[in-house]
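What follows is a short report on a single structure.
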Amino acid sequence: MASVVYIKNKNGKIYAYENVSYWDKESKITRHKRKCVGHLDPITKEIKPNRKKGDINTAPCGAVFKNRAKRACIVKSDGISLLLDQISNEIGLTKAIKKAFPEDWCQIMTCAYFLVSEGNALRYIEKWADDNISPYTDTLSSQRVSELLKRITRNRQLDFFSEWINANRNDEYYALDITSVSSYSEQNEFVRYGYNRDKEKLPQINMLLVSGEESKMPLYFKLLPGSIKDVSTLRETLDTLELVDTKPLHLVMDKGFYKQVNIDALYEMRTKFMIAVPFTTILANEQVQKARAQDIKSHHNYRVVFEDEVFVNSCLINWNGHRCYAHVYYDSLKAEIEYKKFNRLLYECHQELVSGVTIDSHKKFYKQFFQVKETPKRGRKVAYNQSAIEEYKNNTTGWLVMITNDVKDPVKALEIYRRKDSVEKAFDDLKNELDCKRLRIHSSKAMDGRLFLQFIALILTIKIRLTLNDAGWLKKYDTQQIINEMKSLRVVAVEGKKGTIRSVITALQEKIIALFGLQ
């Protein structure tokens, strides 16, 4: 087996040797043949060929395989491609991309590999692609990336989603959520001011994401205008998902999607659903009152769900002539934590009202929990609305109300809802690790293509984390540590020799190779 060995000379210069091991039949021991292929550049850490006598124009050893001057050896990093090729093939991602984008699949995958590896703006991809083995072997300039983004049309994306969802049909439920992505571009028709989930004072777009509830794999995304609310997008999303998936839908949603017209639409489209009910509704408050009257805190109603201790209560209700299950949960630990946060916010709002320096986002809170009086003589007086505070403490903190037309068992329903957290984690990965916190793209077509590349990178990132989690590695390593370790895995091609030789593999790289089944 060939490898590269580095030996430091007396003068401090480090030489690189091609090391080949072989079995000596006579002495019955392993011997080595070594041939010097160059020396290590102390600055770039690249292997440079030794200058031949009389040759003053020998080019240094670089990281590009073609269209360059002759070199004694060529070094490229192949750790990322080795890892992501295996993952993409294993989950059927490569197959789906090839079918939907037969001419551009290798460029799309290269961009996704770059985002997973570097999490940086795509304008830096040319240098990265020059130094790394990737599916696209030609030069990937910024101009080519811009042209690629415009070719990633919505119709092509729908072709991909159809193939991709078809490859992930084992999930019984789809988790659905929306997040805000801030943008510096005001020329894009999708970029508008609206409710920003990251509390940033920037125009934004919204991104809807659908994930497999059990597999935790992202399955579908859609770009939405920044001013649109969650509740106004559900019917269109259901229509689109029916186009790309003939399988009956089972959706899990949070409070942001709750609205009577949405529930009516779910029943009308015969869609199985589970949705949390906000406490601003009469339904949620009625169900809590009913659960308290039926002594929900009795030990007969005590359950353990994902190591959380909860009390449960369920009943059958009527929704405009349709059967519907209402599940109510009370978590005493959650109640204590939420009430502590509530008290802190009460104190801050009281200080704001007394000082007269109020915050727009707290206006609803001021009105609900405070009584403010102003007189010419005594000035402003701020008092707590104690009855509203007690009502909030008793009927809101620690409580969760869900309705579903599908799951009768309250424990199973809560397990399904808790697994929906994978969508929030996916959004966190998308914005914090994959350069999607703020976008600088002006065209809506290019932005849709850019987010599609982020989506493909997100699939790969989540698969890495799921594999680490299943193996119990997340207690010691995170996904970025694994990616960084694989970056240092290099392959060396020596001029005049067939095949390649690999740099020395570290102990952690050996474990990663074994865990992911890399060849």
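Simple scheme: letters A, B, ... for chains in structure tokens order, numbers from 1 for residues in each chain, numbers from 1 for ligands in the order shown.
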
Given only C-alpha atoms, how would the per-residue table for stretch 323-379 of chain A near stretch 249-273 of chain A read, listing every residue at most 12 Å away with its closest atom pair and distance in Å to one decimal, sorted by chain and number, as a Markdown table?
```
| residue | atom | partner | partner_atom | distance |
| --- | --- | --- | --- | --- |
| A:Arg323 | CA | A:Tyr267 | CA | 9.9 |
| A:Cys324 | CA | A:Phe273 | CA | 10.1 |
| A:Tyr325 | CA | A:Phe273 | CA | 10.8 |
```

Residue contacts of stretch 27-39 of chain A (6 Å, only C-alpha atoms) excluding same-chain residues fewer than 6 positions away, as a PyMOL selection string: chain A and resi 14-21+47-50

Atomic distance atom CA of A:Arg450 - atom CA of A:Glu118, expressed in Å with one decimal: 15.6 Å

Filtered DSSP result for stretch 334-489 of chain A, state strand (DSSP E or B), as a list of chain:residue names: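 Result set for stretch 334-489 of chain A (strand (DSSP E or B)): A:Phe370, A:Gln371, A:Val372, A:Lys373, A:Glu374, A:Thr375, A:Gly379, A:Arg380, A:Lys381, A:Val382, A:Ala383, A:Tyr384, A:Trp399, A:Leu400, A:Val401, A:Met402, A:Ile403, A:Thr404, A:Arg438, A:Leu439.
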
Grab the residues selected above and save them as an mmCIF file, in the first residue's frame with C-alpha atoms.
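Written output follows (selection.cif):
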```cif
data_model
loop_
_atom_site.group_PDB
_atom_site.id
_atom_site.type_symbol
_atom_site.label_atom_id
_atom_site.label_comp_id
_atom_site.auth_asym_id
_atom_site.auth_seq_id
_atom_site.Cartn_x
_atom_site.Cartn_y
_atom_site.Cartn_z
ATOM 1 C CA PHE A 370 -50.971 46.215 33.739
ATOM 2 C CA GLN A 371 -53.234 49.062 34.710
ATOM 3 C CA VAL A 372 -51.790 52.478 33.910
ATOM 4 C CA LYS A 373 -53.297 55.713 35.206
ATOM 5 C CA GLU A 374 -52.024 59.241 34.662
ATOM 6 C CA THR A 375 -53.151 62.322 36.588
ATOM 7 C CA GLY A 379 -48.310 61.698 37.288
ATOM 8 C CA ARG A 380 -48.200 58.103 36.012
ATOM 9 C CA LYS A 381 -49.146 55.174 38.236
ATOM 10 C CA VAL A 382 -48.473 51.617 37.070
ATOM 11 C CA ALA A 383 -50.220 48.701 38.800
ATOM 12 C CA TYR A 384 -50.175 44.980 38.093
ATOM 13 C CA TRP A 399 -49.987 23.593 29.551
ATOM 14 C CA LEU A 400 -50.138 22.304 25.983
ATOM 15 C CA VAL A 401 -53.312 21.732 23.986
ATOM 16 C CA MET A 402 -53.337 19.826 20.692
ATOM 17 C CA ILE A 403 -56.086 18.727 18.365
ATOM 18 C CA THR A 404 -55.871 15.901 15.830
ATOM 19 C CA ARG A 438 -28.575 36.879 5.415
ATOM 20 C CA LEU A 439 -28.864 36.811 1.645
#
```
